[in-house]
>>> print(open('model-v1.tsv').read())   # TSV, C-alpha atoms
chain	number	residue	atom	x	y	z
A	18	MET	CA	178.95	73.65	97.65
A	19	LYS	CA	177.00	73.31	100.90
A	20	PRO	CA	173.22	73.89	100.80
A	21	SER	CA	173.64	76.97	103.01
A	22	SER	CA	176.19	78.40	100.53
A	23	LEU	CA	173.79	77.73	97.67
A	24	LEU	CA	171.04	79.58	99.53
A	25	LYS	CA	173.32	82.60	100.05
A	26	PHE	CA	174.32	82.52	96.38
A	27	SER	CA	170.64	82.61	95.34
A	28	ARG	CA	170.32	85.93	97.15
A	29	VAL	CA	172.31	87.74	94.47
A	30	PRO	CA	170.71	88.58	91.11
A	31	PRO	CA	173.41	87.08	88.85
A	32	ALA	CA	172.68	83.67	90.39
A	33	TRP	CA	169.35	83.72	88.57
A	34	ILE	CA	170.92	84.21	85.13
A	35	PHE	CA	172.24	80.67	84.63
A	36	PRO	CA	168.99	78.82	85.47
A	37	SER	CA	167.06	81.22	83.25
A	38	VAL	CA	169.52	80.80	80.36
A	39	LEU	CA	169.38	77.03	80.83
A	40	LEU	CA	165.57	77.11	80.75
A	41	ALA	CA	165.60	79.26	77.60
A	42	TRP	CA	168.05	76.90	75.92
A	43	LEU	CA	166.12	73.75	76.92
A	44	LEU	CA	162.84	75.21	75.69
A	45	GLY	CA	164.38	76.41	72.45
A	46	ARG	CA	166.15	73.09	71.87
A	47	TYR	CA	163.57	70.54	72.98
A	48	LEU	CA	160.25	72.42	72.78
A	49	PRO	CA	160.83	74.89	69.95
A	50	VAL	CA	157.54	76.68	69.46
A	51	PHE	CA	157.57	78.81	66.31
A	52	GLU	CA	161.18	79.09	65.23
A	53	TRP	CA	161.14	82.71	64.08
A	54	LEU	CA	164.82	83.51	63.88
A	55	PRO	CA	166.69	81.25	61.44
A	56	SER	CA	170.38	80.51	61.56
A	57	PRO	CA	172.76	82.41	61.25
A	58	SER	CA	170.58	85.45	62.04
A	59	ASN	CA	169.92	84.06	65.51
A	60	TYR	CA	173.65	83.97	66.30
A	61	VAL	CA	174.20	87.54	65.15
A	62	ALA	CA	171.19	88.76	67.12
A	63	ALA	CA	172.31	86.89	70.25
A	64	ALA	CA	175.88	88.21	70.05
A	65	THR	CA	174.65	91.76	69.52
A	66	VAL	CA	172.30	91.59	72.50
A	67	TRP	CA	175.01	90.01	74.69
A	68	CYS	CA	177.49	92.77	73.84
A	69	ALA	CA	174.89	95.45	74.55
A	70	ALA	CA	174.00	93.73	77.83
A	71	LEU	CA	177.58	93.67	79.03
A	72	ALA	CA	178.10	97.32	78.06
A	73	LEU	CA	174.87	98.37	79.80
A	74	THR	CA	175.60	96.43	82.98
A	75	GLY	CA	179.18	97.68	83.09
A	76	ALA	CA	178.17	101.31	82.59
A	77	ALA	CA	175.54	101.04	85.34
A	78	ALA	CA	178.04	99.48	87.75
A	79	ARG	CA	180.57	102.23	86.98
A	80	GLU	CA	177.93	104.88	87.71
A	81	LEU	CA	177.23	103.34	91.12
A	82	ALA	CA	180.95	103.09	91.86
A	83	ARG	CA	181.50	106.70	90.75
A	84	ASN	CA	178.83	107.76	93.24
A	85	LYS	CA	180.44	105.57	95.95
A	86	THR	CA	177.31	103.56	96.66
A	87	SER	CA	176.71	99.83	96.94
A	88	LEU	CA	176.52	97.51	93.93
A	89	TYR	CA	174.80	94.84	96.01
A	90	PRO	CA	171.01	94.71	96.26
A	91	ASN	CA	171.15	94.16	100.03
A	92	GLY	CA	173.85	96.76	100.60
A	93	GLU	CA	173.13	100.16	102.03
A	94	SER	CA	172.77	102.90	99.45
A	95	THR	CA	174.53	106.06	100.48
A	96	THR	CA	173.56	108.10	97.43
A	97	LEU	CA	170.46	108.24	95.26
A	98	VAL	CA	171.98	107.76	91.81
A	99	THR	CA	169.91	109.47	89.12
A	100	GLY	CA	172.52	110.23	86.47
A	101	GLY	CA	173.91	108.27	83.57
A	102	LEU	CA	171.73	105.31	82.60
A	103	TYR	CA	169.72	105.83	85.78
A	104	ARG	CA	168.04	108.78	84.04
A	105	TYR	CA	166.27	106.29	81.74
A	106	THR	CA	165.65	103.26	83.94
A	107	ARG	CA	165.80	102.75	87.68
A	108	ASN	CA	167.37	99.32	87.16
A	109	PRO	CA	169.87	99.36	84.29
A	110	MET	CA	171.87	96.48	85.76
A	111	TYR	CA	168.78	94.27	85.88
A	112	VAL	CA	167.88	95.32	82.35
A	113	GLY	CA	171.39	94.27	81.29
A	114	MET	CA	171.07	90.93	83.08
A	115	SER	CA	167.71	90.28	81.46
A	116	MET	CA	169.32	91.02	78.10
A	117	LEU	CA	171.84	88.24	78.76
A	118	VAL	CA	168.93	85.83	79.11
A	119	LEU	CA	167.27	87.36	76.04
A	120	GLY	CA	170.45	86.71	74.09
A	121	ALA	CA	170.23	83.02	75.01
A	122	ALA	CA	166.62	82.93	73.85
A	123	LEU	CA	167.56	84.60	70.56
A	124	PHE	CA	170.40	82.13	70.13
A	125	THR	CA	167.88	79.28	69.99
A	126	GLY	CA	165.71	81.14	67.49
A	127	ALA	CA	162.50	79.80	69.09
A	128	VAL	CA	159.75	81.88	70.66
A	129	SER	CA	159.29	79.30	73.43
A	130	ALA	CA	162.75	80.23	74.77
A	131	LEU	CA	161.45	83.69	75.66
A	132	LEU	CA	159.75	82.10	78.68
A	133	GLY	CA	163.19	82.08	80.33
A	134	VAL	CA	163.35	85.87	79.97
A	135	VAL	CA	159.85	86.35	81.39
A	136	LEU	CA	160.58	84.13	84.39
A	137	PHE	CA	163.93	85.84	85.02
A	138	CYS	CA	162.33	89.30	84.99
A	139	GLY	CA	159.51	88.16	87.27
A	140	ALA	CA	161.91	86.59	89.77
A	141	ILE	CA	164.21	89.61	89.79
A	142	GLN	CA	161.31	91.99	90.27
A	143	GLN	CA	159.78	90.08	93.17
A	144	LEU	CA	162.98	88.96	94.91
A	145	PHE	CA	165.15	92.04	94.45
A	146	ILE	CA	163.53	95.12	92.91
A	147	VAL	CA	160.45	95.40	95.13
A	148	PRO	CA	162.43	94.96	98.39
A	149	GLU	CA	165.09	97.41	97.13
A	150	GLU	CA	162.43	99.98	96.35
A	151	HIS	CA	161.04	99.73	99.89
A	152	ARG	CA	164.52	100.26	101.35
A	153	MET	CA	165.25	103.15	98.99
A	154	LEU	CA	161.99	104.81	99.98
A	155	GLY	CA	163.00	104.49	103.62
A	156	TRP	CA	166.45	105.96	102.98
A	157	PHE	CA	165.62	108.73	100.52
A	158	GLY	CA	161.90	109.42	101.09
A	159	ASP	CA	160.35	112.07	98.87
A	160	ASP	CA	163.45	112.35	96.67
A	161	TYR	CA	163.13	108.68	95.76
A	162	ARG	CA	159.37	108.96	95.31
A	163	ALA	CA	159.89	111.87	92.86
A	164	TYR	CA	162.58	109.88	91.03
A	165	CYS	CA	160.19	106.93	90.68
A	166	GLU	CA	157.51	109.18	89.22
A	167	GLY	CA	159.89	110.42	86.52
A	168	VAL	CA	161.85	107.24	85.69
A	169	ARG	CA	160.43	103.84	84.81
A	170	ARG	CA	161.32	100.67	86.70
A	171	TRP	CA	162.49	98.73	83.65
A	172	VAL	CA	162.51	100.63	80.33
>>> encode(input="model-v1.tsv", output="structure tokens")
Amino acid sequence: MKPSSLLKFSRVPPAWIFPSVLLAWLLGRYLPVFEWLPSPSNYVAAATVWCAALALTGAAARELARNKTSLYPNGESTTLVTGGLYRYTRNPMYVGMSMLVLGAALFTGAVSALLGVVLFCGAIQQLFIVPEEHRMLGWFGDDYRAYCEGVRRWV
């Protein structure tokens, strides 16, 4: 993969999942601070969170597709989607992605692995959510502002 291709790939949110999962795993494996979730409970918890994450992300993507608007963070939104999961969080797909990283942290059973989740959420918020919110405000104005007042960014 060329460096320019790698740079383009980093501009999509799923590209940030693998490094965050890797960080969570490395911390949990090599710097396990307070192992709070013993085996096999950690595997059950991880699998449960991963299944919920995939269901959440899939349902959010279907809602965007049903409303014929872009799935991509840099795409143009044609419709302000406020139904389905978007009634509860403005970013259900990002919540689902963060749950994938959380599942990896739970898999290790160590609290230190949660740093991967925190860093993923911080990166997603700064690199994608904040710029998206500025664009949405420009496209939908007061309707988007009212939506933001009634629905939280994360959960």
>>> residues_around(input="model-v1.tsv", residues="A:Leu136", least_positions_apart="2", cutoff="12 Å", atoms="all atoms listed in the file", output="list in words")
Trp33, Ile34, Pro36, Ser37, Val38, Leu39, Leu40, Ala41, Ser115, Val118, Leu119, Ala130, Leu131, Leu132, Gly133, Val134, Cys138, Gly139, Ala140, Ile141, Gln142, Gln143 and Leu144 of chain A
>>> residues_around(input="model-v1.tsv", residues="A:His151", least_positions_apart="3", cutoff="12 Å", atoms="all atoms listed in the file", output="PyMOL selection string")
chain A and resi 90-91+143+145-148+154-158+161-162+165
>>> residues_around(input="model-v1.tsv", residues="stretch 52-56 of chain A", least_positions_apart="3", cutoff="12 Å", atoms="all atoms listed in the file", output="list of chain:residue names")
A:Leu44, A:Gly45, A:Arg46, A:Tyr47, A:Leu48, A:Pro49, A:Asn59, A:Tyr60, A:Val61, A:Ala62, A:Ala63, A:Ala122, A:Leu123, A:Phe124, A:Thr125, A:Gly126, A:Ala127, A:Val128, A:Ser129, A:Ala130, A:Leu131
>>> closest_residue(input="model-v1.tsv", among="A:Asp159, A:Glu150, A:Tyr103, A:Gly113", to="A:Ala69", atoms="only C-alpha atoms")
A:Gly113
>>> atom_distance(input="model-v1.tsv", atom1="atom CA of A:Arg104", atom2="atom CA of A:Lys85")
17.5 Å
>>> atom_distance(input="model-v1.tsv", atom1="atom CA of A:Gly120", atom2="atom CA of A:Thr65")
8.0 Å
>>> closest_residue(input="model-v1.tsv", among="A:Ala121, A:Val50, A:Val172, A:Val112", to="A:Ala72", atoms="all atoms listed in the file")
A:Val112
>>> residues_near_point(input="model-v1.tsv", point="(178.6, 100.5, 90.5)", cutoff="12 Å", atoms="all atoms listed in the file", output="list in words")
Leu73, Thr74, Gly75, Ala76, Ala77, Ala78, Arg79, Glu80, Leu81, Ala82, Arg83, Asn84, Lys85, Thr86, Ser87, Leu88, Tyr89, Pro90, Gly92, Ser94, Thr96, Val98, Gly101, Leu102, Tyr103, Asn108, Pro109 and Met110 of chain A
>>> atom_distance(input="model-v1.tsv", atom1="atom CA of A:Thr99", atom2="atom CA of A:Met114")
19.5 Å
>>> closest_residue(input="model-v1.tsv", among="A:Arg107, A:Arg28, A:Leu117, A:Met153", to="A:Trp67", atoms="only C-alpha atoms")
A:Leu117
>>> decode(input="model-v1.tsv", residues="stretch 55-79 of chain A", atoms="N, CA and C atoms", output="PDB file, in the first residue's frame")
ATOM      1  N   PRO A  55     -12.028 -12.087  35.000  1.00  0.00           N
ATOM      2  CA  PRO A  55     -11.315 -13.359  34.819  1.00  0.00           C
ATOM      3  C   PRO A  55     -11.892 -14.187  33.672  1.00  0.00           C
ATOM      4  N   SER A  56     -11.071 -15.096  33.196  1.00  0.00           N
ATOM      5  CA  SER A  56     -11.485 -16.020  32.158  1.00  0.00           C
ATOM      6  C   SER A  56     -12.422 -17.070  32.773  1.00  0.00           C
ATOM      7  N   PRO A  57     -13.451 -17.518  32.144  1.00  0.00           N
ATOM      8  CA  PRO A  57     -13.929 -17.261  30.789  1.00  0.00           C
ATOM      9  C   PRO A  57     -14.931 -16.110  30.708  1.00  0.00           C
ATOM     10  N   SER A  58     -15.176 -15.428  31.826  1.00  0.00           N
ATOM     11  CA  SER A  58     -16.134 -14.307  31.814  1.00  0.00           C
ATOM     12  C   SER A  58     -15.739 -13.239  30.804  1.00  0.00           C
ATOM     13  N   ASN A  59     -14.435 -13.006  30.660  1.00  0.00           N
ATOM     14  CA  ASN A  59     -13.980 -11.983  29.723  1.00  0.00           C
ATOM     15  C   ASN A  59     -14.349 -12.338  28.281  1.00  0.00           C
ATOM     16  N   TYR A  60     -14.303 -13.618  27.940  1.00  0.00           N
ATOM     17  CA  TYR A  60     -14.640 -14.027  26.574  1.00  0.00           C
ATOM     18  C   TYR A  60     -16.133 -13.873  26.297  1.00  0.00           C
ATOM     19  N   VAL A  61     -16.933 -14.196  27.267  1.00  0.00           N
ATOM     20  CA  VAL A  61     -18.388 -14.064  27.120  1.00  0.00           C
ATOM     21  C   VAL A  61     -18.761 -12.582  27.004  1.00  0.00           C
ATOM     22  N   ALA A  62     -18.165 -11.765  27.858  1.00  0.00           N
ATOM     23  CA  ALA A  62     -18.441 -10.323  27.815  1.00  0.00           C
ATOM     24  C   ALA A  62     -18.010  -9.731  26.478  1.00  0.00           C
ATOM     25  N   ALA A  63     -16.830 -10.102  26.010  1.00  0.00           N
ATOM     26  CA  ALA A  63     -16.325  -9.589  24.733  1.00  0.00           C
ATOM     27  C   ALA A  63     -17.244  -9.995  23.580  1.00  0.00           C
ATOM     28  N   ALA A  64     -17.617 -11.263  23.532  1.00  0.00           N
ATOM     29  CA  ALA A  64     -18.477 -11.744  22.444  1.00  0.00           C
ATOM     30  C   ALA A  64     -19.835 -11.050  22.462  1.00  0.00           C
ATOM     31  N   THR A  65     -20.372 -10.843  23.651  1.00  0.00           N
ATOM     32  CA  THR A  65     -21.661 -10.158  23.779  1.00  0.00           C
ATOM     33  C   THR A  65     -21.575  -8.719  23.268  1.00  0.00           C
ATOM     34  N   VAL A  66     -20.531  -8.020  23.675  1.00  0.00           N
ATOM     35  CA  VAL A  66     -20.353  -6.630  23.244  1.00  0.00           C
ATOM     36  C   VAL A  66     -20.102  -6.567  21.738  1.00  0.00           C
ATOM     37  N   TRP A  67     -19.310  -7.499  21.196  1.00  0.00           N
ATOM     38  CA  TRP A  67     -19.069  -7.506  19.750  1.00  0.00           C
ATOM     39  C   TRP A  67     -20.350  -7.740  18.967  1.00  0.00           C
ATOM     40  N   CYS A  68     -21.182  -8.650  19.411  1.00  0.00           N
ATOM     41  CA  CYS A  68     -22.460  -8.910  18.724  1.00  0.00           C
ATOM     42  C   CYS A  68     -23.362  -7.676  18.774  1.00  0.00           C
ATOM     43  N   ALA A  69     -23.437  -7.054  19.939  1.00  0.00           N
ATOM     44  CA  ALA A  69     -24.246  -5.834  20.080  1.00  0.00           C
ATOM     45  C   ALA A  69     -23.691  -4.720  19.192  1.00  0.00           C
ATOM     46  N   ALA A  70     -22.377  -4.615  19.109  1.00  0.00           N
ATOM     47  CA  ALA A  70     -21.751  -3.580  18.287  1.00  0.00           C
ATOM     48  C   ALA A  70     -22.088  -3.755  16.817  1.00  0.00           C
ATOM     49  N   LEU A  71     -22.010  -4.980  16.349  1.00  0.00           N
ATOM     50  CA  LEU A  71     -22.326  -5.241  14.943  1.00  0.00           C
ATOM     51  C   LEU A  71     -23.802  -4.975  14.646  1.00  0.00           C
ATOM     52  N   ALA A  72     -24.675  -5.363  15.566  1.00  0.00           N
ATOM     53  CA  ALA A  72     -26.112  -5.106  15.386  1.00  0.00           C
ATOM     54  C   ALA A  72     -26.398  -3.610  15.378  1.00  0.00           C
ATOM     55  N   LEU A  73     -25.790  -2.885  16.290  1.00  0.00           N
ATOM     56  CA  LEU A  73     -25.991  -1.433  16.392  1.00  0.00           C
ATOM     57  C   LEU A  73     -25.493  -0.719  15.141  1.00  0.00           C
ATOM     58  N   THR A  74     -24.287  -1.064  14.718  1.00  0.00           N
ATOM     59  CA  THR A  74     -23.704  -0.416  13.541  1.00  0.00           C
ATOM     60  C   THR A  74     -24.512  -0.748  12.287  1.00  0.00           C
ATOM     61  N   GLY A  75     -24.928  -1.991  12.164  1.00  0.00           N
ATOM     62  CA  GLY A  75     -25.736  -2.394  11.016  1.00  0.00           C
ATOM     63  C   GLY A  75     -27.081  -1.692  10.973  1.00  0.00           C
ATOM     64  N   ALA A  76     -27.738  -1.594  12.117  1.00  0.00           N
ATOM     65  CA  ALA A  76     -29.044  -0.913  12.177  1.00  0.00           C
ATOM     66  C   ALA A  76     -28.904   0.564  11.836  1.00  0.00           C
ATOM     67  N   ALA A  77     -27.831   1.192  12.303  1.00  0.00           N
ATOM     68  CA  ALA A  77     -27.612   2.616  12.008  1.00  0.00           C
ATOM     69  C   ALA A  77     -27.347   2.814  10.520  1.00  0.00           C
ATOM     70  N   ALA A  78     -26.546   1.938   9.929  1.00  0.00           N
ATOM     71  CA  ALA A  78     -26.262   2.034   8.491  1.00  0.00           C
ATOM     72  C   ALA A  78     -27.529   1.833   7.671  1.00  0.00           C
ATOM     73  N   ARG A  79     -28.364   0.873   8.088  1.00  0.00           N
ATOM     74  CA  ARG A  79     -29.634   0.651   7.377  1.00  0.00           C
ATOM     75  C   ARG A  79     -30.539   1.880   7.459  1.00  0.00           C
TER      76      ARG A  79
END
